file coords-v8.txt (compact mmCIF, N, CA and C atoms)
# COMPACT_ATOMS: atom_id res chain seq x y z
N MET A 1 4.13 9.86 13.14
CA MET A 1 3.51 8.83 13.94
C MET A 1 2.90 7.78 13.00
N ARG A 2 3.12 6.54 13.33
CA ARG A 2 2.53 5.45 12.56
C ARG A 2 1.03 5.41 12.83
N ARG A 3 0.25 5.24 11.78
CA ARG A 3 -1.21 5.13 11.91
C ARG A 3 -1.59 3.71 11.49
N VAL A 4 -1.47 2.77 12.43
CA VAL A 4 -1.70 1.36 12.12
C VAL A 4 -2.90 0.84 12.90
N SER A 5 -3.45 -0.26 12.40
CA SER A 5 -4.61 -0.88 13.01
C SER A 5 -4.30 -2.34 13.34
N TYR A 6 -4.70 -2.78 14.52
CA TYR A 6 -4.55 -4.18 14.87
C TYR A 6 -5.49 -5.07 14.07
N GLN A 7 -6.48 -4.47 13.41
CA GLN A 7 -7.43 -5.22 12.59
C GLN A 7 -6.85 -5.65 11.26
N PHE A 8 -5.69 -5.11 10.90
CA PHE A 8 -5.11 -5.40 9.59
C PHE A 8 -4.59 -6.83 9.58
N PRO A 9 -5.08 -7.67 8.65
CA PRO A 9 -4.70 -9.09 8.62
C PRO A 9 -3.25 -9.29 8.14
N ASN A 10 -2.73 -10.49 8.32
CA ASN A 10 -1.38 -10.83 7.87
C ASN A 10 -1.35 -11.40 6.46
N ARG A 11 -2.50 -11.64 5.88
CA ARG A 11 -2.59 -12.14 4.50
C ARG A 11 -3.09 -11.02 3.61
N TYR A 12 -2.52 -10.94 2.41
CA TYR A 12 -2.85 -9.85 1.49
C TYR A 12 -3.31 -10.42 0.15
N ASP A 13 -4.18 -9.68 -0.51
CA ASP A 13 -4.58 -10.06 -1.86
C ASP A 13 -3.53 -9.63 -2.88
N LEU A 14 -2.88 -8.51 -2.59
CA LEU A 14 -2.00 -7.91 -3.57
C LEU A 14 -0.96 -7.04 -2.87
N ILE A 15 0.29 -7.11 -3.32
CA ILE A 15 1.37 -6.26 -2.81
C ILE A 15 2.06 -5.65 -4.03
N PHE A 16 2.32 -4.34 -3.97
CA PHE A 16 3.06 -3.70 -5.05
C PHE A 16 3.88 -2.53 -4.51
N ASP A 17 4.93 -2.20 -5.25
CA ASP A 17 5.78 -1.05 -4.96
C ASP A 17 5.46 0.05 -5.94
N HIS A 18 5.74 1.29 -5.51
CA HIS A 18 5.54 2.42 -6.42
C HIS A 18 6.59 3.48 -6.11
N ASP A 19 7.13 4.08 -7.16
CA ASP A 19 8.18 5.10 -7.01
C ASP A 19 7.58 6.46 -6.70
N VAL A 20 7.19 6.64 -5.46
CA VAL A 20 6.67 7.92 -4.99
C VAL A 20 7.01 8.01 -3.50
N SER A 21 7.25 9.22 -3.01
CA SER A 21 7.59 9.37 -1.60
C SER A 21 6.38 9.04 -0.72
N PHE A 22 6.66 8.66 0.51
CA PHE A 22 5.60 8.32 1.45
C PHE A 22 4.65 9.50 1.65
N SER A 23 5.19 10.69 1.87
CA SER A 23 4.34 11.85 2.13
C SER A 23 3.46 12.18 0.92
N GLN A 24 4.00 12.04 -0.28
CA GLN A 24 3.20 12.29 -1.48
C GLN A 24 2.10 11.23 -1.62
N ALA A 25 2.42 9.98 -1.31
CA ALA A 25 1.43 8.91 -1.40
C ALA A 25 0.29 9.14 -0.41
N ILE A 26 0.63 9.50 0.82
CA ILE A 26 -0.40 9.73 1.84
C ILE A 26 -1.29 10.90 1.42
N SER A 27 -0.68 11.96 0.95
CA SER A 27 -1.44 13.13 0.51
C SER A 27 -2.37 12.77 -0.65
N SER A 28 -1.87 12.02 -1.62
CA SER A 28 -2.69 11.62 -2.78
C SER A 28 -3.85 10.73 -2.37
N ILE A 29 -3.61 9.80 -1.46
CA ILE A 29 -4.67 8.90 -1.00
C ILE A 29 -5.74 9.69 -0.24
N CYS A 30 -5.32 10.61 0.61
CA CYS A 30 -6.30 11.42 1.35
C CYS A 30 -7.13 12.30 0.41
N ARG A 31 -6.53 12.75 -0.69
CA ARG A 31 -7.29 13.56 -1.66
C ARG A 31 -8.30 12.73 -2.45
N MET A 32 -8.16 11.41 -2.44
CA MET A 32 -9.13 10.56 -3.13
C MET A 32 -10.47 10.54 -2.39
N ASP A 33 -10.45 10.87 -1.10
CA ASP A 33 -11.68 10.88 -0.31
C ASP A 33 -12.69 11.86 -0.90
N GLY A 34 -13.91 11.40 -1.08
CA GLY A 34 -14.98 12.25 -1.59
C GLY A 34 -15.04 12.35 -3.10
N LYS A 35 -14.12 11.71 -3.81
CA LYS A 35 -14.12 11.77 -5.27
C LYS A 35 -15.33 11.02 -5.82
N GLN A 36 -15.91 11.59 -6.87
CA GLN A 36 -17.07 10.98 -7.52
C GLN A 36 -16.81 10.88 -9.01
N THR A 37 -17.23 9.79 -9.60
CA THR A 37 -17.19 9.62 -11.04
C THR A 37 -18.51 9.01 -11.48
N ASN A 38 -18.83 9.17 -12.73
CA ASN A 38 -20.02 8.56 -13.31
C ASN A 38 -19.59 7.59 -14.40
N PHE A 39 -20.32 6.52 -14.55
CA PHE A 39 -20.08 5.57 -15.63
C PHE A 39 -21.40 4.95 -16.04
N ARG A 40 -21.44 4.46 -17.24
CA ARG A 40 -22.66 3.89 -17.80
C ARG A 40 -22.43 2.42 -18.14
N THR A 41 -23.42 1.59 -17.83
CA THR A 41 -23.43 0.19 -18.23
C THR A 41 -24.74 -0.05 -18.98
N ASP A 42 -24.98 -1.30 -19.36
CA ASP A 42 -26.24 -1.62 -20.04
C ASP A 42 -27.44 -1.47 -19.11
N ILE A 43 -27.19 -1.44 -17.79
CA ILE A 43 -28.27 -1.25 -16.82
C ILE A 43 -28.68 0.22 -16.72
N GLY A 44 -27.70 1.11 -16.85
CA GLY A 44 -27.98 2.53 -16.75
C GLY A 44 -26.78 3.33 -16.29
N LEU A 45 -27.04 4.55 -15.82
CA LEU A 45 -26.00 5.46 -15.37
C LEU A 45 -25.74 5.26 -13.88
N PHE A 46 -24.47 5.19 -13.50
CA PHE A 46 -24.07 4.98 -12.12
C PHE A 46 -23.19 6.12 -11.64
N LYS A 47 -23.27 6.39 -10.34
CA LYS A 47 -22.35 7.30 -9.67
C LYS A 47 -21.49 6.48 -8.73
N ARG A 48 -20.16 6.70 -8.78
CA ARG A 48 -19.24 6.00 -7.89
C ARG A 48 -18.61 7.03 -6.95
N GLU A 49 -18.70 6.75 -5.64
CA GLU A 49 -18.13 7.63 -4.62
C GLU A 49 -17.10 6.87 -3.80
N ILE A 50 -16.03 7.56 -3.39
CA ILE A 50 -14.97 6.95 -2.58
C ILE A 50 -14.91 7.63 -1.23
N ARG A 51 -14.84 6.83 -0.19
CA ARG A 51 -14.63 7.35 1.17
C ARG A 51 -13.37 6.68 1.72
N VAL A 52 -12.50 7.50 2.31
CA VAL A 52 -11.22 7.01 2.83
C VAL A 52 -11.14 7.33 4.32
N ASP A 53 -10.81 6.31 5.12
CA ASP A 53 -10.57 6.47 6.55
C ASP A 53 -9.15 5.98 6.86
N ILE A 54 -8.58 6.50 7.94
CA ILE A 54 -7.22 6.12 8.35
C ILE A 54 -7.27 5.55 9.77
N ALA A 55 -6.33 4.65 10.06
CA ALA A 55 -6.28 4.01 11.38
C ALA A 55 -6.12 5.07 12.47
N SER A 56 -6.80 4.82 13.58
CA SER A 56 -6.77 5.74 14.71
C SER A 56 -6.61 4.95 16.00
N GLU A 57 -5.58 5.23 16.74
CA GLU A 57 -5.34 4.61 18.05
C GLU A 57 -5.32 3.08 17.99
N LYS A 58 -4.91 2.53 16.89
CA LYS A 58 -4.68 1.10 16.67
C LYS A 58 -5.92 0.21 16.74
N THR A 59 -7.06 0.75 17.11
CA THR A 59 -8.25 -0.09 17.22
C THR A 59 -9.40 0.35 16.33
N GLY A 60 -9.33 1.52 15.74
CA GLY A 60 -10.42 2.02 14.93
C GLY A 60 -9.91 2.83 13.75
N PHE A 61 -10.85 3.47 13.07
CA PHE A 61 -10.53 4.31 11.92
C PHE A 61 -11.27 5.62 12.05
N GLU A 62 -10.68 6.68 11.50
CA GLU A 62 -11.32 7.99 11.46
C GLU A 62 -11.21 8.53 10.05
N HIS A 63 -12.09 9.47 9.74
CA HIS A 63 -12.12 10.08 8.42
C HIS A 63 -10.82 10.86 8.17
N VAL A 64 -10.27 10.77 6.96
CA VAL A 64 -9.04 11.48 6.63
C VAL A 64 -9.31 12.97 6.43
N ARG A 65 -8.24 13.75 6.55
CA ARG A 65 -8.29 15.18 6.23
C ARG A 65 -7.14 15.47 5.28
N THR A 66 -7.18 16.62 4.63
CA THR A 66 -6.12 16.96 3.69
C THR A 66 -5.29 18.15 4.14
N ASP A 67 -5.51 18.65 5.36
CA ASP A 67 -4.72 19.78 5.83
C ASP A 67 -3.29 19.33 6.14
N SER A 68 -2.35 20.26 6.00
CA SER A 68 -0.94 19.92 6.14
C SER A 68 -0.58 19.45 7.55
N GLU A 69 -1.25 19.96 8.57
CA GLU A 69 -0.97 19.54 9.95
C GLU A 69 -1.29 18.05 10.12
N PHE A 70 -2.44 17.62 9.62
CA PHE A 70 -2.85 16.21 9.70
C PHE A 70 -1.86 15.33 8.93
N LEU A 71 -1.52 15.73 7.70
CA LEU A 71 -0.65 14.92 6.85
C LEU A 71 0.76 14.83 7.39
N SER A 72 1.26 15.90 7.99
CA SER A 72 2.64 15.89 8.49
C SER A 72 2.82 14.99 9.71
N GLU A 73 1.75 14.64 10.40
CA GLU A 73 1.83 13.76 11.57
C GLU A 73 2.02 12.29 11.21
N ILE A 74 1.75 11.91 9.97
CA ILE A 74 1.77 10.51 9.55
C ILE A 74 3.16 10.15 9.05
N SER A 75 3.73 9.07 9.60
CA SER A 75 5.06 8.65 9.15
C SER A 75 5.17 7.12 9.19
N GLU A 76 6.10 6.60 8.45
CA GLU A 76 6.51 5.19 8.41
C GLU A 76 5.48 4.23 7.84
N ARG A 77 4.29 4.18 8.41
CA ARG A 77 3.27 3.22 7.98
C ARG A 77 1.89 3.81 8.25
N ALA A 78 0.96 3.54 7.31
CA ALA A 78 -0.42 4.00 7.49
C ALA A 78 -1.37 2.96 6.93
N ASP A 79 -2.42 2.68 7.70
CA ASP A 79 -3.47 1.75 7.28
C ASP A 79 -4.73 2.55 6.96
N PHE A 80 -5.36 2.22 5.84
CA PHE A 80 -6.56 2.93 5.39
C PHE A 80 -7.68 1.93 5.12
N THR A 81 -8.92 2.40 5.22
CA THR A 81 -10.05 1.68 4.64
C THR A 81 -10.57 2.51 3.48
N PHE A 82 -10.87 1.84 2.40
CA PHE A 82 -11.49 2.47 1.23
C PHE A 82 -12.88 1.89 1.11
N ARG A 83 -13.88 2.74 1.00
CA ARG A 83 -15.24 2.30 0.73
C ARG A 83 -15.66 2.92 -0.59
N ILE A 84 -16.00 2.07 -1.52
CA ILE A 84 -16.43 2.52 -2.84
C ILE A 84 -17.90 2.17 -2.98
N ASN A 85 -18.73 3.19 -3.17
CA ASN A 85 -20.18 2.98 -3.28
C ASN A 85 -20.62 3.31 -4.70
N ASP A 86 -21.34 2.39 -5.31
CA ASP A 86 -21.95 2.60 -6.62
C ASP A 86 -23.45 2.79 -6.42
N THR A 87 -23.99 3.83 -7.05
CA THR A 87 -25.41 4.15 -6.96
C THR A 87 -25.96 4.25 -8.37
N LEU A 88 -27.05 3.53 -8.63
CA LEU A 88 -27.73 3.61 -9.92
C LEU A 88 -28.61 4.85 -9.93
N LEU A 89 -28.42 5.68 -10.94
CA LEU A 89 -29.19 6.92 -11.06
C LEU A 89 -30.35 6.68 -12.03
N LYS A 90 -31.56 6.75 -11.50
CA LYS A 90 -32.77 6.52 -12.31
C LYS A 90 -33.63 7.77 -12.26
N GLY A 91 -34.58 7.86 -13.14
CA GLY A 91 -35.51 8.98 -13.15
C GLY A 91 -36.33 9.06 -11.86
N GLU A 92 -36.59 7.91 -11.26
CA GLU A 92 -37.37 7.87 -10.02
C GLU A 92 -36.53 8.18 -8.79
N GLY A 93 -35.22 8.20 -8.93
CA GLY A 93 -34.34 8.48 -7.79
C GLY A 93 -33.09 7.63 -7.84
N LYS A 94 -32.35 7.65 -6.75
CA LYS A 94 -31.10 6.91 -6.64
C LYS A 94 -31.34 5.55 -5.99
N VAL A 95 -30.67 4.52 -6.54
CA VAL A 95 -30.79 3.17 -6.01
C VAL A 95 -29.39 2.65 -5.67
N PRO A 96 -29.11 2.34 -4.39
CA PRO A 96 -27.81 1.78 -4.05
C PRO A 96 -27.58 0.49 -4.82
N ALA A 97 -26.41 0.38 -5.46
CA ALA A 97 -26.14 -0.78 -6.29
C ALA A 97 -25.08 -1.70 -5.70
N ALA A 98 -23.99 -1.14 -5.18
CA ALA A 98 -22.91 -1.98 -4.65
C ALA A 98 -22.04 -1.17 -3.70
N GLU A 99 -21.45 -1.88 -2.74
CA GLU A 99 -20.46 -1.27 -1.85
C GLU A 99 -19.28 -2.21 -1.74
N TYR A 100 -18.09 -1.66 -1.94
CA TYR A 100 -16.85 -2.43 -1.87
C TYR A 100 -16.00 -1.84 -0.76
N THR A 101 -15.38 -2.70 0.04
CA THR A 101 -14.52 -2.24 1.12
C THR A 101 -13.15 -2.91 1.00
N PHE A 102 -12.11 -2.10 1.12
CA PHE A 102 -10.73 -2.56 1.03
C PHE A 102 -9.94 -2.03 2.21
N LEU A 103 -8.96 -2.80 2.64
CA LEU A 103 -7.96 -2.34 3.59
C LEU A 103 -6.67 -2.11 2.80
N ILE A 104 -6.03 -0.99 3.05
CA ILE A 104 -4.79 -0.62 2.37
C ILE A 104 -3.74 -0.31 3.41
N ARG A 105 -2.53 -0.82 3.24
CA ARG A 105 -1.40 -0.46 4.10
C ARG A 105 -0.31 0.13 3.21
N ILE A 106 0.21 1.28 3.62
CA ILE A 106 1.29 1.94 2.91
C ILE A 106 2.50 1.96 3.83
N ASP A 107 3.63 1.41 3.37
CA ASP A 107 4.89 1.41 4.12
C ASP A 107 5.90 2.30 3.41
N ASP A 108 6.63 3.08 4.19
CA ASP A 108 7.68 3.94 3.68
C ASP A 108 8.94 3.10 3.44
N LYS A 109 9.43 3.09 2.21
CA LYS A 109 10.64 2.34 1.84
C LYS A 109 11.68 3.30 1.26
N GLY A 110 11.93 4.41 1.94
CA GLY A 110 12.87 5.41 1.43
C GLY A 110 12.17 6.30 0.43
N GLY A 111 12.63 6.32 -0.79
CA GLY A 111 12.02 7.16 -1.83
C GLY A 111 10.87 6.49 -2.55
N ARG A 112 10.41 5.38 -2.04
CA ARG A 112 9.30 4.65 -2.66
C ARG A 112 8.40 4.10 -1.56
N ILE A 113 7.26 3.55 -1.97
CA ILE A 113 6.34 2.96 -1.01
C ILE A 113 6.07 1.51 -1.37
N GLU A 114 5.65 0.75 -0.38
CA GLU A 114 5.15 -0.60 -0.58
C GLU A 114 3.69 -0.58 -0.14
N CYS A 115 2.82 -1.11 -0.97
CA CYS A 115 1.39 -1.04 -0.72
C CYS A 115 0.81 -2.45 -0.65
N PHE A 116 -0.01 -2.70 0.38
CA PHE A 116 -0.69 -3.97 0.59
C PHE A 116 -2.19 -3.74 0.46
N VAL A 117 -2.87 -4.57 -0.31
CA VAL A 117 -4.30 -4.41 -0.56
C VAL A 117 -5.04 -5.68 -0.15
N ILE A 118 -6.13 -5.49 0.58
CA ILE A 118 -7.00 -6.60 0.99
C ILE A 118 -8.44 -6.21 0.70
N GLN A 119 -9.15 -7.05 -0.02
CA GLN A 119 -10.56 -6.82 -0.26
C GLN A 119 -11.36 -7.53 0.81
N GLN A 120 -12.30 -6.82 1.40
CA GLN A 120 -13.18 -7.43 2.39
C GLN A 120 -14.47 -7.82 1.68
N GLY A 121 -14.78 -9.09 1.65
CA GLY A 121 -15.91 -9.57 0.87
C GLY A 121 -15.44 -9.85 -0.54
N ARG A 122 -16.10 -10.71 -1.21
CA ARG A 122 -15.65 -11.12 -2.55
C ARG A 122 -16.69 -10.93 -3.64
N SER A 123 -17.73 -10.19 -3.41
CA SER A 123 -18.75 -10.05 -4.45
C SER A 123 -18.58 -8.71 -5.17
N GLY A 124 -19.11 -8.63 -6.36
CA GLY A 124 -19.10 -7.39 -7.10
C GLY A 124 -18.07 -7.37 -8.22
N GLU A 125 -18.02 -6.23 -8.88
CA GLU A 125 -17.18 -6.10 -10.06
C GLU A 125 -15.79 -5.56 -9.76
N ILE A 126 -15.60 -4.85 -8.67
CA ILE A 126 -14.30 -4.26 -8.35
C ILE A 126 -13.52 -5.23 -7.47
N ASP A 127 -12.24 -5.45 -7.81
CA ASP A 127 -11.39 -6.31 -7.00
C ASP A 127 -10.11 -5.56 -6.64
N SER A 128 -9.18 -6.25 -6.00
CA SER A 128 -7.94 -5.63 -5.53
C SER A 128 -7.10 -5.07 -6.67
N LEU A 129 -7.10 -5.73 -7.82
CA LEU A 129 -6.35 -5.23 -8.96
C LEU A 129 -6.94 -3.91 -9.47
N ASP A 130 -8.26 -3.80 -9.47
CA ASP A 130 -8.90 -2.54 -9.87
C ASP A 130 -8.51 -1.42 -8.92
N LEU A 131 -8.47 -1.72 -7.62
CA LEU A 131 -8.08 -0.70 -6.65
C LEU A 131 -6.61 -0.31 -6.84
N LYS A 132 -5.77 -1.29 -7.13
CA LYS A 132 -4.36 -0.99 -7.40
C LYS A 132 -4.25 0.01 -8.55
N ASN A 133 -5.01 -0.21 -9.61
CA ASN A 133 -4.97 0.70 -10.76
C ASN A 133 -5.48 2.09 -10.40
N MET A 134 -6.51 2.16 -9.56
CA MET A 134 -7.01 3.47 -9.08
C MET A 134 -5.92 4.18 -8.28
N LEU A 135 -5.27 3.44 -7.39
CA LEU A 135 -4.22 4.02 -6.56
C LEU A 135 -3.04 4.50 -7.40
N LYS A 136 -2.61 3.68 -8.33
CA LYS A 136 -1.48 4.07 -9.19
C LYS A 136 -1.83 5.31 -10.02
N GLY A 137 -3.08 5.43 -10.43
CA GLY A 137 -3.50 6.62 -11.15
C GLY A 137 -3.46 7.87 -10.27
N ALA A 138 -3.79 7.71 -9.01
CA ALA A 138 -3.80 8.84 -8.08
C ALA A 138 -2.40 9.20 -7.60
N LEU A 139 -1.46 8.25 -7.64
CA LEU A 139 -0.12 8.46 -7.10
C LEU A 139 0.87 9.03 -8.11
N ARG A 140 0.42 9.50 -9.24
CA ARG A 140 1.34 10.05 -10.26
C ARG A 140 1.92 11.35 -9.84
call {"tool": "encode", "arguments": {"input": "coords-v8.txt", "output": "C-alpha cells"}}
result
Amino acid sequence: MRRVSYQFPNRYDLIFDHDVSFSQAISSICRMDGKQTNFRTDIGLFKREIRVDIASEKTGFEHVRTDSEFLSEISERADFTFRINDTLLKGEGKVPAAEYTFLIRIDDKGGRIECFVIQQGRSGEIDSLDLKNMLKGALR
C-alpha cells in the first residue's frame, strides 16, 4: 500500500537516486527513528535525536515501526517526516538548541529508489544535503 500525504509539495530541495531496493530503504529509514548521537562544538556538548513518521491515510502522519508486518504493507511510494532535535547538554541540565523538519518521499524504481527531500523552514545548520548524506549512510 502506498503511504502518501496530500501535504507533500510539488517542489523539492533535492532529488537523488540510490541503488537499494525499496523494501530495504524503507526498513533502513524506519530504523533511523530514535537514533541518538553526540557531537561537540565550541559552545559545548550536544545530543542529536531523530524522529521518523510516515504518511497515514493521506492527511496525516504516524510514528513508524520496525516490525515486519508494518514494513511489508508499504509499497511503491512512501512519504516521511524527519524531525532532528539538537539539545545542548550542560551541567545545569538540558537546553533545547535546534529542531529541523524535513519531508522525504521514497519512490520504488525497480531495484533502486528515487528520493525527494524538502526542508521545512530555512534556519539552522542542517540542510537537505546533510539529510541526504545521513540517508545515504543509513541505506548501505
call {"tool": "atom_distance", "arguments": {"input": "coords-v8.txt", "atom1": "CA of Gln120 (chain A)", "atom2": "CA of Ile26 (chain A)"}}
result
21.4 Å
call {"tool": "select_by_dssp", "arguments": {"input": "coords-v8.txt", "residues": "region 5-135 of chain A", "states": "strand (DSSP E)", "output": "number ranges by chain"}}
result
A: 14-18, 36-40, 45-56, 60-63, 77-90, 93-108, 113-120
call {"tool": "closest_residue", "arguments": {"input": "coords-v8.txt", "among": "A:Thr37, A:Arg112, A:Ser128, A:Phe16", "to": "Glu49 (chain A)", "atoms": "only N, CA and C atoms"}}
result
A:Thr37
call {"tool": "atom_distance", "arguments": {"input": "coords-v8.txt", "atom1": "CA of Phe80 (chain A)", "atom2": "CA of Lys47 (chain A)"}}
result
22.3 Å
call {"tool": "closest_residue", "arguments": {"input": "coords-v8.txt", "among": "A:Arg65, A:Lys90, A:Arg122, A:Arg105", "to": "Arg31 (chain A)", "atoms": "only N, CA and C atoms"}}
result
A:Arg65
call {"tool": "residues_around", "arguments": {"input": "coords-v8.txt", "residues": "Asp33 (chain A)", "least_positions_apart": "5", "cutoff": "7 Å", "atoms": "all atoms listed in the file", "output": "list in words"}}
result
Ser28, Ile50, Arg51 and Val52 of chain A
call {"tool": "residues_around", "arguments": {"input": "coords-v8.txt", "residues": "Asn85 (chain A)", "least_positions_apart": "5", "cutoff": "5 Å", "atoms": "only N, CA and C atoms", "output": "list in words"}}
result
Arg48, Glu49, Ala98 and Glu99 of chain A
call {"tool": "write_last_selection", "arguments": {"input": "coords-v8.txt", "atoms": "N, CA and C atoms", "output": "PDB file, in the coordinates of the input"}}
result
ATOM      1  N   ARG A  48     -20.160   6.700  -8.780  1.00  0.00           N
ATOM      2  CA  ARG A  48     -19.240   6.000  -7.890  1.00  0.00           C
ATOM      3  C   ARG A  48     -18.610   7.030  -6.950  1.00  0.00           C
ATOM      4  N   GLU A  49     -18.700   6.750  -5.640  1.00  0.00           N
ATOM      5  CA  GLU A  49     -18.130   7.630  -4.620  1.00  0.00           C
ATOM      6  C   GLU A  49     -17.100   6.870  -3.800  1.00  0.00           C
ATOM      7  N   ALA A  98     -23.990  -1.140  -5.180  1.00  0.00           N
ATOM      8  CA  ALA A  98     -22.910  -1.980  -4.650  1.00  0.00           C
ATOM      9  C   ALA A  98     -22.040  -1.170  -3.700  1.00  0.00           C
ATOM     10  N   GLU A  99     -21.450  -1.880  -2.740  1.00  0.00           N
ATOM     11  CA  GLU A  99     -20.460  -1.270  -1.850  1.00  0.00           C
ATOM     12  C   GLU A  99     -19.280  -2.210  -1.740  1.00  0.00           C
TER      13      GLU A  99
END
call {"tool": "atom_distance", "arguments": {"input": "coords-v8.txt", "atom1": "CA of Asp79 (chain A)", "atom2": "CA of Asp53 (chain A)"}}
result
8.6 Å
call {"tool": "closest_residue", "arguments": {"input": "coords-v8.txt", "among": "A:Gly60, A:Gly44, A:Gly34, A:Gly137", "to": "Val4 (chain A)", "atoms": "all atoms listed in the file"}}
result
A:Gly60
call {"tool": "closest_residue", "arguments": {"input": "coords-v8.txt", "among": "A:Phe46, A:Asp17, A:Ile113, A:Thr66", "to": "Leu88 (chain A)", "atoms": "all atoms listed in the file"}}
result
A:Phe46
call {"tool": "closest_residue", "arguments": {"input": "coords-v8.txt", "among": "A:Leu103, A:Leu139, A:Leu89, A:Asp67", "to": "Phe8 (chain A)", "atoms": "only N, CA and C atoms"}}
result
A:Leu103
call {"tool": "axis_aligned_box", "arguments": {"input": "coords-v8.txt", "around": "region 95-99 of chain A", "padding_each_side": "3 Å", "output": "JSON"}}
result
{"center_x": -25.0, "center_y": 1.2, "center_z": -4.1, "size_x": 17.5, "size_y": 12.7, "size_z": 10.8}
call {"tool": "closest_residue", "arguments": {"input": "coords-v8.txt", "among": "A:Thr87, A:Asn38, A:Ser72, A:Thr59", "to": "Gln7 (chain A)", "atoms": "all atoms listed in the file"}}
result
A:Thr59
call {"tool": "select_by_dssp", "arguments": {"input": "coords-v8.txt", "residues": "chain A", "states": "alpha helix (DSSP H)", "output": "list of chain:residue names"}}
result
A:Phe22, A:Ser23, A:Gln24, A:Ala25, A:Ile26, A:Ser27, A:Ser28, A:Ile29, A:Cys30, A:Arg31, A:Met32, A:Ser68, A:Glu69, A:Phe70, A:Leu71, A:Ser72, A:Ser128, A:Leu129, A:Asp130, A:Leu131, A:Lys132, A:Asn133, A:Met134, A:Leu135, A:Lys136, A:Gly137, A:Ala138
call {"tool": "residues_around", "arguments": {"input": "coords-v8.txt", "residues": "region 73-75 of chain A", "least_positions_apart": "3", "cutoff": "8 Å", "atoms": "only C-alpha atoms", "output": "ChimeraX atom specification"}}
result
/A:1-3,22-23,69-70,78,108
call {"tool": "residues_near_point", "arguments": {"input": "coords-v8.txt", "point": "(-0.2, 3.0, -9.7)", "cutoff": "10 Å", "atoms": "only C-alpha atoms", "output": "MDAnalysis selection string"}}
result
chainID A and resid 16:20 115 131:140
call {"tool": "decode", "arguments": {"input": "coords-v8.txt", "residues": "region 75-86 of chain A", "atoms": "N, CA, C and O atoms", "output": "tab-separated table (two decimals), in the first residue's frame"}}
result
chain	number	residue	atom	x	y	z
A	75	SER	N	4.35	-0.16	-0.02
A	75	SER	CA	4.82	-0.46	-1.37
A	75	SER	C	4.75	0.80	-2.25
A	75	SER	O	4.02	1.73	-1.95
A	76	GLU	N	5.50	0.80	-3.30
A	76	GLU	CA	5.51	1.80	-4.37
A	76	GLU	C	6.03	3.18	-3.98
A	76	GLU	O	6.95	3.69	-4.56
A	77	ARG	N	5.42	3.80	-2.97
A	77	ARG	CA	5.80	5.17	-2.58
A	77	ARG	C	5.51	5.35	-1.10
A	77	ARG	O	4.50	4.89	-0.60
A	78	ALA	N	6.41	6.09	-0.43
A	78	ALA	CA	6.20	6.40	0.99
A	78	ALA	C	6.70	7.80	1.28
A	78	ALA	O	7.77	8.20	0.82
A	79	ASP	N	5.90	8.54	2.03
A	79	ASP	CA	6.26	9.89	2.47
A	79	ASP	C	6.56	9.85	3.96
A	79	ASP	O	5.81	9.26	4.74
A	80	PHE	N	7.65	10.50	4.35
A	80	PHE	CA	8.09	10.52	5.75
A	80	PHE	C	8.30	11.96	6.20
A	80	PHE	O	8.60	12.84	5.39
A	81	THR	N	8.18	12.18	7.51
A	81	THR	CA	8.70	13.41	8.12
A	81	THR	C	9.86	13.00	9.00
A	81	THR	O	9.80	11.98	9.70
A	82	PHE	N	10.92	13.76	8.93
A	82	PHE	CA	12.08	13.59	9.81
A	82	PHE	C	12.15	14.80	10.70
A	82	PHE	O	12.15	15.94	10.22
A	83	ARG	N	12.25	14.58	12.00
A	83	ARG	CA	12.47	15.67	12.95
A	83	ARG	C	13.79	15.39	13.64
A	83	ARG	O	13.97	14.34	14.25
A	84	ILE	N	14.69	16.34	13.51
A	84	ILE	CA	16.01	16.22	14.13
A	84	ILE	C	16.09	17.27	15.21
A	84	ILE	O	15.96	18.47	14.94
A	85	ASN	N	16.29	16.83	16.45
A	85	ASN	CA	16.35	17.74	17.59
A	85	ASN	C	17.76	17.75	18.16
A	85	ASN	O	18.32	16.68	18.45
A	86	ASP	N	18.33	18.93	18.31
A	86	ASP	CA	19.62	19.10	18.96
A	86	ASP	C	19.38	19.70	20.34
A	86	ASP	O	18.63	20.66	20.49
